[in-house]
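A.B. asks: This structure is in structure tokens; I'll ask about it shortly.
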There are 2 protein chains.
Amino acid sequence: MGATTEDPKQRTTMPRPRTFDEDDVIDRARKAFAETGFAGTSLDTLLEATGLARQSLYNAFGGKKELFMRAFLSDTAEAVEAVESVRHGEDSPITRIRRQLVKVAVEHGEAKAAPSLFTKAAVELSSHDPEVASAVATAFDVMSRHYAACIAEAQGAGEIDAGADADSLGTYFCAVIEGMSTLGGAGVPRATLLDIGLTSLTAVPVTDLGREHLGTGEGDWS
Amino acid sequence: MGATTEDPKQRTTMPRPRTFDEDDVIDRARKAFAETGFAGTSLDTLLEATGLARQSLYNAFGGKKELFMRAFLSDTAEAVEAVESVRHGEDSPITRIRRQLVKVAVEHGEAKAAPSLFTKAAVELSSHDPEVASAVATAFDVMSRHYAACIAEAQGAGEIDAGADADSLGTYFCAVIEGMSTLGGAGVPRATLLDIGLTSLTAVPVTDLGREHLGTGEGDWS
DNA sequence: CCCGTTCTTGACCAATCGGTCCAGCTCGTC
DNA sequence: GACGAGCTGGACCGATTGGTCAAGAACGGG
């Protein structure tokens, strides 16, 4: 696999360059797989979606499954990265978590929106494919920890009751977001998703101080 | 479709009886589809799982898609029915909701457990198949209302703060359960799921009276 | 300007897909 | 016990599946 990224200057002769951008192909493939799943997306559909020819896909990625894994891992990494921003934001921790919940509601509440590839792959494959399963488990774990750390930070700042179980709340928010993603893909409207997200926040025992800090940074979500 | 359930006494001659039970076949098909999804389950796999012959499946149900819908609708009805019991239980409303959450955690937290066909179909098909989408939406709506009614009842009994939004909490619990189902299918252990379910209950503003009633009917979940 | 290397193109492959056809079987009725 | 109903089992279908092969095109270095 590494052959595609080797330094071309060390070569004696220069091969024909690719007419496509690998990351771009992965991104298109991600959308295609997110729409119809792994088994439901044929190679032909994939070729049309990515624009490249059969053999090109084959010797650039190795096959359908390999391309799927690239797309899936890419989506997973992006999902984790999105949660990182929650961890390292600037404003108060609870506000950051709330913003994340709102963001998920907005993203998955569009009428056309399908579930993320992460969710789709988790449901479709993780019970049979160990590679997918472990990637899902790891991502889930990392996200949980980010949320938990965020809550612990808020506890340190006195915004959340010190008696609350940060770890439990962390995994809990992962589950809520997973549920929102699933429901959003099933056609549940944005407003309902938003309601769910905000209701889930109720499980966090916010202190009076925290309540003061909350209510800022609402953001616009048309 | 009704031909299979017509009254045989009205016939002049009596045909060869089926060697299989229709409901039993649907149940086996449900398991098969729940394991590998719609696109991922071939007719041959289905035939092996149900035990019946190609043509038998065809003229008893109509085809792969039709059998899938029967299985999917059956699973959906069962899921809704399970929530009904929450609505009409005997002990205090919050205890009933908690029992449901625990039940979901236990059922989906088994190591071998795959997501329910309801969840799987919702994720895989509801964005492209209107029939699946509407069934999912309806089921989601009915479940939400059951939970909401249960909470409203608890409010009437003074177990839950009257200021709480019962409808929001209803849809919220649906989302949490959906998330638990997804996570369970992805391999998250039972204890974690249980933790999620119990944490989600924290979003309900239980009164002092309610707290008294809670803590009973724990049930055994090995 | 020829070289080697890699990419592209389209034909091609066996396997499998969901679905159909038909011959034979098994019933209750007459 | 012959009949016609519907069920059964296996052969069979064209279409599509994921994957491969071979011939040619594009490129920079020599």
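Naming scheme: A, B, ... for chains in displayed order of the structure tokens; residues 1 onward per chain; ligands 1 onward as shown.
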Considering only C-alpha atoms (C1' of nucleotides), give me a table of residues in chain D that are at most 6 Å from chain B, with the closest atom pair and distance in Å for each, as a Markdown table.

C.D. replies:
| residue | atom | partner | partner_atom | distance |
| --- | --- | --- | --- | --- |
| D:DA5 | C1' | B:Pro15 | CA | 4.6 |
| D:DG6 | C1' | B:Pro15 | CA | 4.7 |
| D:DC7 | C1' | B:Arg16 | CA | 5.6 |

A.B. asks: Show me, as a list of chain:residue names, the residues that have an atom within 9 Å of segment 78-81 of chain A when counting only C-alpha atoms (C1' of nucleotides), minus same-chain residues fewer than 6 positions from it.

C.D. replies: A:Phe118, A:Ala139, A:Phe140, A:Val142, A:Met143

A.B. asks: Could you take the residues named above and write them with N, CA, C and O atoms, as an mmCIF file, in the first residue's frame?

C.D. replies:
data_model
loop_
_atom_site.group_PDB
_atom_site.id
_atom_site.type_symbol
_atom_site.label_atom_id
_atom_site.label_comp_id
_atom_site.auth_asym_id
_atom_site.auth_seq_id
_atom_site.Cartn_x
_atom_site.Cartn_y
_atom_site.Cartn_z
ATOM 1 N N PHE A 118 -19.761 5.930 9.833
ATOM 2 C CA PHE A 118 -19.365 5.311 11.100
ATOM 3 C C PHE A 118 -20.521 4.503 11.685
ATOM 4 O O PHE A 118 -20.379 3.308 11.975
ATOM 5 N N ALA A 139 -12.929 3.945 18.642
ATOM 6 C CA ALA A 139 -13.482 5.292 18.459
ATOM 7 C C ALA A 139 -14.466 5.619 19.577
ATOM 8 O O ALA A 139 -14.439 6.718 20.149
ATOM 9 N N PHE A 140 -15.296 4.658 19.873
ATOM 10 C CA PHE A 140 -16.262 4.833 20.950
ATOM 11 C C PHE A 140 -15.559 5.142 22.265
ATOM 12 O O PHE A 140 -15.949 6.038 23.023
ATOM 13 N N VAL A 142 -12.484 6.367 22.717
ATOM 14 C CA VAL A 142 -11.820 7.671 22.683
ATOM 15 C C VAL A 142 -12.831 8.798 22.894
ATOM 16 O O VAL A 142 -12.620 9.716 23.692
ATOM 17 N N MET A 143 -13.935 8.695 22.176
ATOM 18 C CA MET A 143 -14.961 9.732 22.304
ATOM 19 C C MET A 143 -15.496 9.793 23.733
ATOM 20 O O MET A 143 -15.656 10.887 24.291
#

A.B. asks: Near segment 9-18 of chain C, counting only C-alpha atoms (C1' of nucleotides), which residues have an atom at most 12 Å away, once you skip same-chain residues fewer than 6 positions from it, shown as a ChimeraX atom specification?

C.D. replies: /A:52-56 /B:39-46,54-55,58,62-65 /D:13-25

A.B. asks: Separation of atom CA of Val132 of chain A and atom CA of Gly179 of chain A, in Å?

C.D. replies: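 It comes out at 19.0 Å.
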
A.B. asks: Residues of chain B within 6 Å of chain A, using only C-alpha atoms, as number ranges by chain?

C.D. replies: B: 39-40, 122, 126, 172, 175-176, 178-180, 186, 196, 202-203

A.B. asks: If you run DSSP over the backbone, which residues in segment 8-221 of chain A end up alpha helix (DSSP H)? Put them as a PyMOL selection string.

C.D. replies: chain A and resi 22-36+43-50+54-61+64-87+93-108+117-125+130-156+166-185+190-201+208-213

A.B. asks: Report, in Å to a single decimal, how far apart atom CA of Asp27 of chain A and atom CA of Asp75 of chain A are.

C.D. replies: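 Spanning atom CA of Asp75 of chain A to atom CA of Asp27 of chain A is a straight-line distance of 8.7 Å.
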